[in-house]
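Next comes input-v4.csv, with CSV, C-alpha atoms.
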chain,number,residue,atom,x,y,z
A,7,MET,CA,104.0,127.0,-55.9
A,8,ALA,CA,105.7,129.6,-53.8
A,9,LYS,CA,108.0,128.4,-51.0
A,10,SER,CA,106.5,130.9,-48.5
A,11,PHE,CA,103.7,133.4,-48.0
A,12,ARG,CA,103.3,136.5,-46.0
A,13,ILE,CA,100.6,137.6,-43.6
A,14,ALA,CA,99.9,140.9,-41.8
A,15,THR,CA,97.6,142.6,-39.4
A,16,PHE,CA,96.9,146.3,-40.1
A,17,ASN,CA,95.0,148.9,-38.1
A,18,VAL,CA,94.3,151.5,-40.7
A,19,GLU,CA,93.0,154.1,-38.2
A,20,ASN,CA,89.6,155.4,-39.1
A,21,LEU,CA,89.7,154.8,-42.8
A,22,LEU,CA,86.7,156.4,-44.5
A,23,HIS,CA,86.2,157.8,-48.1
A,24,PRO,CA,85.9,161.5,-48.8
A,25,GLY,CA,82.8,163.6,-48.0
A,26,VAL,CA,81.4,161.3,-45.2
A,27,PHE,CA,81.3,162.1,-41.5
A,28,PHE,CA,82.0,159.7,-38.7
A,29,ALA,CA,78.8,158.8,-36.8
A,30,GLY,CA,78.7,160.2,-33.3
A,31,ARG,CA,81.3,162.9,-34.0
A,32,PRO,CA,79.2,165.9,-34.9
A,33,ASN,CA,82.1,168.4,-34.4
A,34,ASP,CA,84.4,166.6,-36.9
A,35,ARG,CA,84.7,167.6,-40.5
A,36,PRO,CA,84.0,165.1,-43.3
A,37,TYR,CA,86.9,163.0,-44.6
A,38,GLN,CA,89.1,165.0,-46.9
A,39,PRO,CA,90.1,163.9,-50.5
A,40,GLU,CA,93.8,164.8,-50.0
A,41,LEU,CA,93.9,162.8,-46.8
A,42,TYR,CA,92.2,159.8,-48.4
A,43,LYS,CA,94.6,159.7,-51.4
A,44,GLU,CA,97.7,160.0,-49.2
A,45,LYS,CA,96.4,157.3,-46.8
A,46,ILE,CA,95.4,154.8,-49.5
A,47,ASP,CA,98.7,155.3,-51.3
A,48,TRP,CA,100.6,154.6,-48.1
A,49,ILE,CA,98.6,151.5,-47.2
A,50,VAL,CA,99.1,150.1,-50.7
A,51,ARG,CA,102.8,150.9,-50.6
A,52,ILE,CA,103.2,149.0,-47.2
A,53,LEU,CA,101.3,146.0,-48.4
A,54,LYS,CA,103.4,145.8,-51.6
A,55,GLU,CA,106.7,146.4,-49.9
A,56,GLY,CA,105.8,143.7,-47.4
A,57,ASN,CA,104.7,141.3,-50.3
A,58,VAL,CA,101.6,140.6,-48.2
A,59,ASP,CA,99.4,137.7,-49.3
A,60,LEU,CA,96.8,137.8,-46.5
A,61,VAL,CA,95.9,140.7,-44.2
A,62,GLY,CA,93.4,141.3,-41.5
A,63,LEU,CA,92.3,145.0,-41.3
A,64,GLN,CA,90.9,147.0,-38.3
A,65,GLU,CA,89.2,150.4,-38.1
A,66,LEU,CA,87.5,150.2,-41.5
A,67,PHE,CA,84.5,152.6,-42.1
A,68,SER,CA,84.2,152.3,-45.9
A,69,GLU,CA,83.7,149.6,-48.5
A,70,THR,CA,84.9,152.1,-51.1
A,71,ALA,CA,88.2,152.3,-49.3
A,72,LEU,CA,88.5,148.6,-49.0
A,73,LYS,CA,87.9,148.1,-52.7
A,74,ASP,CA,90.5,150.8,-53.6
A,75,ILE,CA,93.1,149.0,-51.5
A,76,ALA,CA,92.2,145.6,-52.9
A,77,GLU,CA,92.4,146.8,-56.5
A,78,GLN,CA,95.6,148.8,-56.1
A,79,ALA,CA,97.5,146.3,-54.0
A,80,GLY,CA,96.4,143.3,-56.0
A,81,PHE,CA,94.1,141.4,-53.7
A,82,PRO,CA,91.4,139.5,-55.7
A,83,HIS,CA,89.5,138.4,-52.6
A,84,SER,CA,88.0,140.5,-49.8
A,85,TYR,CA,85.5,140.2,-47.0
A,86,ALA,CA,84.0,142.9,-44.8
A,87,PRO,CA,80.3,142.1,-44.4
A,88,ASP,CA,79.5,145.0,-42.2
A,89,LEU,CA,80.5,147.4,-45.0
A,90,LEU,CA,78.8,145.5,-47.8
A,91,ASN,CA,77.0,147.9,-50.2
A,92,GLY,CA,77.6,150.8,-47.8
A,93,ALA,CA,75.4,149.1,-45.1
A,94,ASN,CA,77.1,151.2,-42.4
A,95,ILE,CA,76.5,154.5,-44.1
A,96,THR,CA,73.3,156.5,-43.4
A,97,THR,CA,72.0,160.0,-44.3
A,98,ARG,CA,71.4,162.5,-41.5
A,99,GLU,CA,68.6,164.9,-41.3
A,100,ASP,CA,70.8,167.7,-42.7
A,101,GLY,CA,71.4,165.5,-45.8
A,102,LYS,CA,75.0,164.7,-44.9
A,103,GLN,CA,76.2,161.1,-44.9
A,104,GLU,CA,77.8,159.5,-41.8
A,105,ALA,CA,79.5,156.1,-41.3
A,106,ARG,CA,79.1,153.8,-38.3
A,107,GLY,CA,82.1,151.7,-37.2
A,108,PRO,CA,84.8,150.7,-36.9
A,109,PHE,CA,84.7,147.3,-38.5
A,110,VAL,CA,87.2,144.6,-39.5
A,111,GLY,CA,88.0,143.2,-42.9
A,112,LEU,CA,90.0,140.6,-44.7
A,113,LEU,CA,92.0,140.9,-47.9
A,114,SER,CA,93.5,137.8,-49.6
A,115,LYS,CA,95.4,136.6,-52.6
A,116,PHE,CA,94.2,133.1,-51.7
A,117,PRO,CA,90.6,132.0,-52.3
A,118,ILE,CA,88.3,132.6,-49.4
A,119,VAL,CA,86.2,129.4,-49.4
A,120,GLY,CA,84.1,130.0,-46.3
A,121,ARG,CA,83.3,133.1,-44.3
A,122,THR,CA,81.1,134.4,-41.5
A,123,SER,CA,80.8,137.4,-39.2
A,124,ILE,CA,80.3,136.7,-35.6
A,125,VAL,CA,78.6,139.2,-33.2
A,126,ASP,CA,77.1,137.0,-30.4
A,127,PHE,CA,79.4,135.2,-28.0
A,128,PRO,CA,79.3,131.4,-28.6
A,129,GLY,CA,77.7,129.0,-26.2
A,130,GLU,CA,78.6,129.0,-22.6
A,131,THR,CA,80.7,132.2,-22.9
A,132,LYS,CA,77.5,134.3,-23.0
A,133,GLY,CA,77.4,136.0,-19.6
A,134,ILE,CA,80.4,134.9,-17.5
A,135,GLU,CA,79.3,133.9,-14.0
A,136,ILE,CA,80.8,135.5,-10.8
A,137,GLU,CA,80.0,135.3,-7.2
A,138,ALA,CA,78.3,138.4,-5.9
A,139,GLY,CA,80.7,138.9,-2.9
A,140,GLU,CA,82.7,137.3,-0.2
A,141,SER,CA,79.8,136.9,2.2
A,142,THR,CA,77.5,135.3,-0.3
A,143,THR,CA,77.5,132.4,-2.7
A,144,GLU,CA,75.0,134.0,-5.0
A,145,VAL,CA,76.1,133.7,-8.6
A,146,LYS,CA,75.4,136.4,-11.1
A,147,LYS,CA,76.1,136.7,-14.8
A,148,LEU,CA,77.9,139.6,-16.4
A,149,PRO,CA,75.6,141.2,-19.0
A,150,ILE,CA,78.2,141.0,-21.7
A,151,ILE,CA,77.1,138.7,-24.5
A,152,ARG,CA,78.3,140.3,-27.8
A,153,PHE,CA,81.4,141.6,-29.4
A,154,LEU,CA,81.5,145.4,-29.7
A,155,ARG,CA,83.0,144.9,-33.2
A,156,PRO,CA,82.0,141.7,-35.0
A,157,VAL,CA,84.8,139.1,-35.5
A,158,ILE,CA,85.5,137.6,-38.9
A,159,GLN,CA,86.0,133.9,-39.2
A,160,ALA,CA,87.0,132.7,-42.7
A,161,ASP,CA,88.4,129.6,-44.4
A,162,VAL,CA,91.3,130.5,-46.7
A,163,GLN,CA,92.8,128.0,-49.2
A,164,LEU,CA,96.5,128.5,-48.7
A,165,LYS,CA,97.4,125.5,-50.9
A,166,SER,CA,95.4,122.9,-52.8
A,167,ASP,CA,95.5,120.7,-49.8
A,168,VAL,CA,95.7,123.3,-47.0
A,169,ILE,CA,92.7,125.3,-45.8
A,170,ALA,CA,93.4,127.6,-42.8
A,171,THR,CA,90.8,129.0,-40.4
A,172,VAL,CA,91.4,132.8,-40.1
A,173,PHE,CA,90.2,135.1,-37.4
A,174,VAL,CA,90.2,138.9,-37.6
A,175,ALA,CA,89.4,140.7,-34.4
A,176,HIS,CA,89.4,144.2,-32.8
A,177,LEU,CA,88.7,144.0,-29.1
A,178,LYS,CA,87.5,146.8,-26.8
A,179,SER,CA,90.1,149.6,-26.3
A,180,LYS,CA,91.5,150.8,-23.0
A,181,ASN,CA,89.6,154.1,-23.4
A,182,PRO,CA,87.2,154.5,-20.4
A,183,GLN,CA,83.7,153.2,-20.9
A,184,PHE,CA,81.7,156.0,-19.2
A,185,LEU,CA,78.1,155.9,-18.0
A,186,ASP,CA,75.6,158.5,-19.2
A,187,SER,CA,75.3,159.6,-15.5
A,188,GLU,CA,79.0,160.4,-15.5
A,189,ASP,CA,78.8,163.1,-18.2
A,190,GLY,CA,80.4,166.3,-16.9
A,191,ARG,CA,82.6,164.3,-14.4
A,192,ARG,CA,84.8,162.5,-16.9
A,193,SER,CA,87.9,164.3,-15.7
A,194,ASP,CA,87.4,163.0,-12.2
A,195,PRO,CA,90.2,160.4,-11.7
A,196,ILE,CA,88.0,157.9,-9.9
A,197,VAL,CA,85.3,158.2,-12.6
A,198,LYS,CA,88.0,157.6,-15.2
A,199,ALA,CA,89.4,154.6,-13.3
A,200,ALA,CA,85.9,153.1,-13.1
A,201,GLY,CA,85.5,153.6,-16.9
A,202,LYS,CA,88.8,151.9,-17.6
A,203,THR,CA,87.7,149.0,-15.4
A,204,ARG,CA,84.5,148.6,-17.4
A,205,SER,CA,86.6,148.5,-20.6
A,206,LEU,CA,88.8,145.9,-19.2
A,207,ILE,CA,85.9,143.7,-18.2
A,208,ILE,CA,84.4,144.0,-21.7
A,209,ARG,CA,87.7,143.1,-23.3
A,210,ALA,CA,88.2,140.2,-20.9
A,211,ALA,CA,84.7,138.8,-21.8
A,212,GLU,CA,85.5,139.2,-25.5
A,213,SER,CA,88.8,137.4,-25.0
A,214,VAL,CA,87.0,134.4,-23.4
A,215,ALA,CA,84.5,134.3,-26.3
A,216,LEU,CA,87.3,134.5,-28.9
A,217,ARG,CA,89.2,131.7,-27.0
A,218,LYS,CA,86.1,129.5,-27.3
A,219,MET,CA,86.1,130.1,-31.1
A,220,VAL,CA,89.8,129.2,-31.4
A,221,VAL,CA,89.4,126.0,-29.4
A,222,ASP,CA,86.5,125.0,-31.5
A,223,ALA,CA,88.5,125.7,-34.7
A,224,THR,CA,91.6,123.8,-33.6
A,225,GLN,CA,90.2,120.7,-31.9
A,226,ASN,CA,90.3,117.3,-33.6
A,227,ASN,CA,91.6,118.4,-36.9
A,228,ASN,CA,94.8,119.3,-38.8
A,229,GLN,CA,93.5,122.5,-40.1
A,230,PRO,CA,95.9,125.4,-39.2
A,231,VAL,CA,94.6,128.6,-37.5
A,232,LEU,CA,95.7,132.2,-38.0
A,233,LEU,CA,94.5,135.0,-35.8
A,234,PHE,CA,95.0,138.7,-36.7
A,235,GLY,CA,94.0,141.3,-34.2
A,236,ASP,CA,94.2,144.6,-32.6
A,237,LEU,CA,93.7,143.1,-29.2
A,238,ASN,CA,94.3,146.3,-27.3
A,239,ASP,CA,96.5,144.6,-24.8
A,240,ASP,CA,100.2,143.6,-24.7
A,241,LEU,CA,101.5,140.1,-25.1
A,242,PRO,CA,101.8,139.2,-21.4
A,243,ALA,CA,98.4,140.7,-20.6
A,244,VAL,CA,95.8,138.3,-19.1
A,245,THR,CA,93.3,139.0,-21.9
A,246,THR,CA,95.9,138.2,-24.6
A,247,GLU,CA,97.0,135.0,-22.8
A,248,ILE,CA,93.4,133.9,-22.5
A,249,ILE,CA,93.0,134.0,-26.3
A,250,ALA,CA,96.3,132.1,-27.0
A,251,GLY,CA,95.8,129.5,-24.2
A,252,ASP,CA,98.3,128.1,-21.7
A,253,GLU,CA,101.2,125.7,-22.3
A,254,PRO,CA,100.4,122.3,-20.8
A,255,TYR,CA,101.6,121.4,-17.3
A,256,ARG,CA,105.2,120.1,-17.6
A,257,PHE,CA,104.4,116.9,-15.7
A,258,ALA,CA,101.1,116.2,-17.5
A,259,LYS,CA,100.7,112.9,-19.4
A,260,PRO,CA,101.8,113.0,-23.0
A,261,GLU,CA,98.3,112.3,-24.3
A,262,ASP,CA,97.0,115.3,-22.3
A,263,LYS,CA,99.8,117.5,-23.6
A,264,LYS,CA,98.9,116.7,-27.2
A,265,ILE,CA,95.3,117.9,-26.5
A,266,GLU,CA,96.5,121.2,-25.0
A,267,TRP,CA,99.1,121.8,-27.8
A,268,ASP,CA,96.3,121.3,-30.3
A,269,ARG,CA,94.4,124.2,-28.7
A,270,LEU,CA,97.4,126.5,-28.3
A,271,LEU,CA,98.2,129.6,-30.4
A,272,TYR,CA,101.8,131.0,-30.7
A,273,SER,CA,102.6,134.7,-31.1
A,274,VAL,CA,104.8,135.4,-34.1
A,275,HIS,CA,106.4,138.2,-31.9
A,276,ASP,CA,107.5,135.6,-29.4
A,277,LEU,CA,108.9,133.3,-32.2
A,278,GLU,CA,110.8,136.3,-33.7
A,279,GLU,CA,112.4,137.2,-30.3
A,280,GLN,CA,113.6,133.7,-29.9
A,281,GLU,CA,115.8,134.3,-33.0
A,282,SER,CA,116.8,137.8,-32.1
A,283,TYR,CA,119.1,139.4,-29.5
A,284,ARG,CA,116.7,142.1,-28.3
A,285,ASN,CA,113.0,142.9,-28.0
A,286,VAL,CA,112.0,145.8,-30.3
A,287,SER,CA,108.4,144.7,-30.7
A,288,TYR,CA,105.9,147.6,-30.3
A,289,THR,CA,103.1,148.6,-32.5
A,290,HIS,CA,101.5,151.6,-30.7
A,291,ILE,CA,102.7,154.6,-28.7
A,292,PHE,CA,100.4,156.4,-26.3
A,293,SER,CA,101.6,159.0,-23.7
A,294,GLY,CA,105.1,157.7,-24.0
A,295,ARG,CA,104.1,154.1,-23.4
A,296,TYR,CA,105.4,151.7,-26.1
A,297,GLU,CA,102.9,148.8,-26.5
A,298,LEU,CA,102.4,145.7,-28.5
A,299,LEU,CA,98.7,145.8,-29.3
A,300,ASP,CA,98.7,144.3,-32.9
A,301,HIS,CA,99.1,140.6,-32.9
A,302,ILE,CA,99.5,137.6,-35.2
A,303,PHE,CA,99.0,134.2,-33.7
A,304,VAL,CA,99.5,130.8,-35.4
A,305,SER,CA,98.6,127.3,-34.4
A,306,GLN,CA,100.9,124.4,-33.9
A,307,GLU,CA,100.8,123.5,-37.6
A,308,PHE,CA,103.1,126.5,-38.2
A,309,PHE,CA,105.3,126.0,-35.0
A,310,HIS,CA,108.9,125.0,-35.7
A,311,ARG,CA,109.2,122.7,-32.7
A,312,ASN,CA,106.2,120.6,-33.8
A,313,PRO,CA,107.7,117.7,-35.8
A,314,ALA,CA,104.4,117.4,-37.7
A,315,SER,CA,104.2,121.1,-38.7
A,316,ILE,CA,103.4,121.8,-42.3
A,317,ALA,CA,105.2,125.2,-42.4
A,318,ILE,CA,107.2,127.4,-40.0
A,319,VAL,CA,107.3,131.1,-39.1
A,320,ARG,CA,110.5,132.3,-40.7
A,321,SER,CA,110.5,136.0,-39.7
A,322,THR,CA,108.4,139.0,-38.6
A,323,ARG,CA,109.1,142.6,-39.7
A,324,ILE,CA,107.3,145.5,-38.1
A,325,PHE,CA,106.7,148.5,-40.3
A,326,ASN,CA,106.9,151.3,-37.7
A,327,ASP,CA,108.9,154.1,-39.2
A,328,HIS,CA,105.8,156.3,-39.4
A,329,LEU,CA,105.0,156.0,-35.6
A,330,GLN,CA,106.2,158.9,-33.4
A,331,ASP,CA,106.4,159.5,-29.7
A,332,GLU,CA,104.8,162.9,-29.6
A,333,ARG,CA,106.5,163.8,-26.4
A,334,ARG,CA,109.8,163.7,-28.3
A,335,VAL,CA,109.0,165.8,-31.3
A,336,VAL,CA,109.5,169.6,-31.5
A,337,ASN,CA,106.0,170.3,-32.9
A,338,PRO,CA,103.5,167.6,-31.7
A,339,ASP,CA,100.6,169.4,-33.4
A,340,ARG,CA,100.8,167.5,-36.7
A,341,GLY,CA,97.1,167.9,-37.6
A,342,LEU,CA,95.3,165.1,-39.2
A,343,SER,CA,97.5,162.0,-39.7
A,344,ASN,CA,97.7,160.6,-43.2
A,345,ARG,CA,98.9,157.3,-41.9
A,346,SER,CA,98.0,155.3,-38.8
A,347,ASP,CA,98.6,155.3,-35.0
A,348,HIS,CA,99.5,151.6,-35.2
A,349,ASP,CA,102.4,149.7,-36.7
A,350,ILE,CA,102.1,146.8,-39.2
A,351,PRO,CA,103.6,143.4,-38.3
A,352,VAL,CA,104.3,141.3,-41.4
A,353,THR,CA,105.2,137.6,-41.0
A,354,GLU,CA,106.7,135.3,-43.5
A,355,ILE,CA,105.7,131.6,-43.2
A,356,GLU,CA,107.8,129.1,-45.1
A,357,TRP,CA,106.4,125.7,-46.2
A,358,ARG,CA,108.1,122.6,-45.0
As structure tokens, what does this structure read like?
Amino acid sequence: MAKSFRIATFNVENLLHPGVFFAGRPNDRPYQPELYKEKIDWIVRILKEGNVDLVGLQELFSETALKDIAEQAGFPHSYAPDLLNGANITTREDGKQEARGPFVGLLSKFPIVGRTSIVDFPGETKGIEIEAGESTTEVKKLPIIRFLRPVIQADVQLKSDVIATVFVAHLKSKNPQFLDSEDGRRSDPIVKAAGKTRSLIIRAAESVALRKMVVDATQNNNQPVLLFGDLNDDLPAVTTEIIAGDEPYRFAKPEDKKIEWDRLLYSVHDLEEQESYRNVSYTHIFSGRYELLDHIFVSQEFFHRNPASIAIVRSTRIFNDHLQDERRVVNPDRGLSNRSDHDIPVTEIEWR
């Protein structure tokens, strides 16, 4: 039995196999064979160099691509239900194929013993209630009840006696969510601001639903939880904190603290910085802003300060040499990227 294992989250940026168009992008050309080969080779090289055993993937458009990565990188187990048998690919009126997406996926060297794809928000998280205004007590529900991109929840057998609950998520981006009536006015700064506000509201609602799923998975058991996600917000953001949960109040009763700790998730980036002298964690660059959008969270079963932990986060390496701040390059017109606009965090977890 290995003394440790390695996990990763990987946004592969619009990964599709050759000859297929992206749905909703009529002006794009189909995915090119040379781009596909370069990208698959690079993804496989990163996964092999990182010795990754379990990885959550985002921005998948192709089951063919997922199978190529799994085969070349040595992952015997995979799960991406929205891509199964090319379910996301349709033929247009002109005879060309196009792919809906993006979707998330899971690759594992460990057996996947249970799995499901979740679209609808669970239970009471469907339609968050708010008061209509300061002068009224009328309560209304936000009409947000589904994930824009389905979330994977899987049971993965890490050891003969350890099964982990694994989540793979990709929350709503910061890109403005425009209304049809706003076509032609999207450059208006106020229209753009309103669009970003809608995106934030959607992402916040998704965060509450994902938090509910985490709480349900962690409560009243010793089964560890791993969460991989492009959460489209930085670590201190409210939406990210919602998913992870809050530390218990310092003066709370010990028995109440134990309940809260059981529901809490810990960022591997936070744990890495506790052992480092500086913060160099970023996984995305946009308009000169360096952001940490790609997250790995672990439950208390992998937290080093928990005396009952079964394993501990040993280190986290971020593969980000390919990422460039386009404001700082001589020729920012690089054409189609053969890599990704996200970095890849890889975390080693060592068994106690």
Just to confirm, what's the straight-line distance from CA of Leu53 in chain A to CA of Asn326 in chain A in Å (one decimal)?
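Value for the CA of Leu53 in chain A-CA of Asn326 in chain A distance: 13.2 Å.
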>> Residues within 10 Å of Lys102 in chain A, please, as an NGL selection string. Count only C-alpha atoms; anything in the same chain fewer than 4 positions from it doesn't count.
In response: :A and (25-27 or 36 or 96-98)
| request: List every protein, DNA or RNA residue that has an atom no more than 6 Å from (97.5, 147.5, -34.6) in the file's coordinate frame, counting only C-alpha atoms, and report them as a list in words. | output: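 Residues satisfying the cut-off, written out: Phe16, Asn17, Asp236, Leu299, Asp300, His348 and Asp349 of chain A.
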Discussion item. From (107.1, 135.0, -37.7), in the file's coordinates, out to 7 Å: which residues are reached, counting all atoms listed in the file? Answer as a count of residues only.
Written reply: 11
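Candidate residues A:His83, A:Lys132, A:Arg31, A:Arg345 were compared for distance to Ser114 in chain A, and the nearest is A:His83, using all atoms listed in the file.
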Could you pull range 9-85 of chain A out of the structure I just pasted and write it to a file containing C-alpha atoms, as a CSV table (one decimal), in the first residue's frame?
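Ended up saving to selection-v1.csv:
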chain,number,residue,atom,x,y,z
A,9,LYS,CA,2.2,5.8,1.8
A,10,SER,CA,0.4,8.7,0.1
A,11,PHE,CA,-1.8,9.6,-2.9
A,12,ARG,CA,-2.1,12.7,-5.0
A,13,ILE,CA,-5.2,14.5,-6.1
A,14,ALA,CA,-5.8,17.4,-8.5
A,15,THR,CA,-8.4,19.7,-10.0
A,16,PHE,CA,-7.9,20.6,-13.6
A,17,ASN,CA,-9.9,23.0,-15.8
A,18,VAL,CA,-9.0,21.8,-19.3
A,19,GLU,CA,-10.5,24.9,-21.0
A,20,ASN,CA,-13.0,23.9,-23.7
A,21,LEU,CA,-11.7,20.4,-24.5
A,22,LEU,CA,-13.4,18.9,-27.5
A,23,HIS,CA,-12.3,16.4,-30.2
A,24,PRO,CA,-11.5,17.4,-33.8
A,25,GLY,CA,-14.1,18.3,-36.4
A,26,VAL,CA,-16.8,19.3,-33.9
A,27,PHE,CA,-18.2,22.8,-33.3
A,28,PHE,CA,-19.1,24.4,-30.0
A,29,ALA,CA,-22.8,24.8,-29.6
A,30,GLY,CA,-23.9,28.5,-29.6
A,31,ARG,CA,-20.7,29.6,-31.3
A,32,PRO,CA,-21.6,29.8,-35.0
A,33,ASN,CA,-18.6,31.9,-35.9
A,34,ASP,CA,-16.0,29.5,-34.5
A,35,ARG,CA,-14.2,26.9,-36.6
A,36,PRO,CA,-14.4,23.2,-35.5
A,37,TYR,CA,-11.8,21.9,-33.2
A,38,GLN,CA,-8.5,21.3,-35.0
A,39,PRO,CA,-6.6,18.0,-35.0
A,40,GLU,CA,-3.2,19.6,-34.3
A,41,LEU,CA,-4.6,21.6,-31.4
A,42,TYR,CA,-6.3,18.4,-30.0
A,43,LYS,CA,-3.1,16.3,-30.1
A,44,GLU,CA,-1.0,19.1,-28.4
A,45,LYS,CA,-3.6,19.6,-25.7
A,46,ILE,CA,-4.1,15.9,-24.9
A,47,ASP,CA,-0.3,15.4,-24.8
A,48,TRP,CA,0.1,18.3,-22.4
A,49,ILE,CA,-2.7,17.3,-20.1
A,50,VAL,CA,-1.3,13.7,-19.9
A,51,ARG,CA,2.2,15.0,-19.2
A,52,ILE,CA,0.9,17.2,-16.3
A,53,LEU,CA,-1.0,14.3,-14.8
A,54,LYS,CA,2.0,12.0,-15.1
A,55,GLU,CA,4.5,14.5,-13.8
A,56,GLY,CA,2.2,15.2,-10.8
A,57,ASN,CA,1.7,11.5,-10.2
A,58,VAL,CA,-2.0,12.2,-9.9
A,59,ASP,CA,-4.2,9.4,-8.6
A,60,LEU,CA,-7.6,11.2,-8.6
A,61,VAL,CA,-8.6,14.3,-10.6
A,62,GLY,CA,-11.7,16.4,-11.0
A,63,LEU,CA,-12.0,17.9,-14.5
A,64,GLN,CA,-13.9,21.0,-15.7
A,65,GLU,CA,-14.8,22.3,-19.1
A,66,LEU,CA,-15.2,18.9,-20.8
A,67,PHE,CA,-17.1,18.8,-24.1
A,68,SER,CA,-16.1,15.3,-25.3
A,69,GLU,CA,-16.2,11.7,-24.1
A,70,THR,CA,-13.6,10.9,-26.7
A,71,ALA,CA,-11.2,13.3,-25.2
A,72,LEU,CA,-11.9,12.0,-21.7
A,73,LYS,CA,-11.2,8.4,-22.8
A,74,ASP,CA,-7.9,9.5,-24.6
A,75,ILE,CA,-6.7,11.1,-21.4
A,76,ALA,CA,-7.7,8.2,-19.2
A,77,GLU,CA,-6.0,5.7,-21.5
A,78,GLN,CA,-2.8,7.6,-22.0
A,79,ALA,CA,-2.4,8.8,-18.4
A,80,GLY,CA,-3.3,5.4,-16.8
A,81,PHE,CA,-6.7,6.0,-15.2
A,82,PRO,CA,-8.8,2.8,-15.2
A,83,HIS,CA,-11.9,4.5,-13.8
A,84,SER,CA,-13.8,7.5,-15.2
A,85,TYR,CA,-17.1,9.2,-14.8
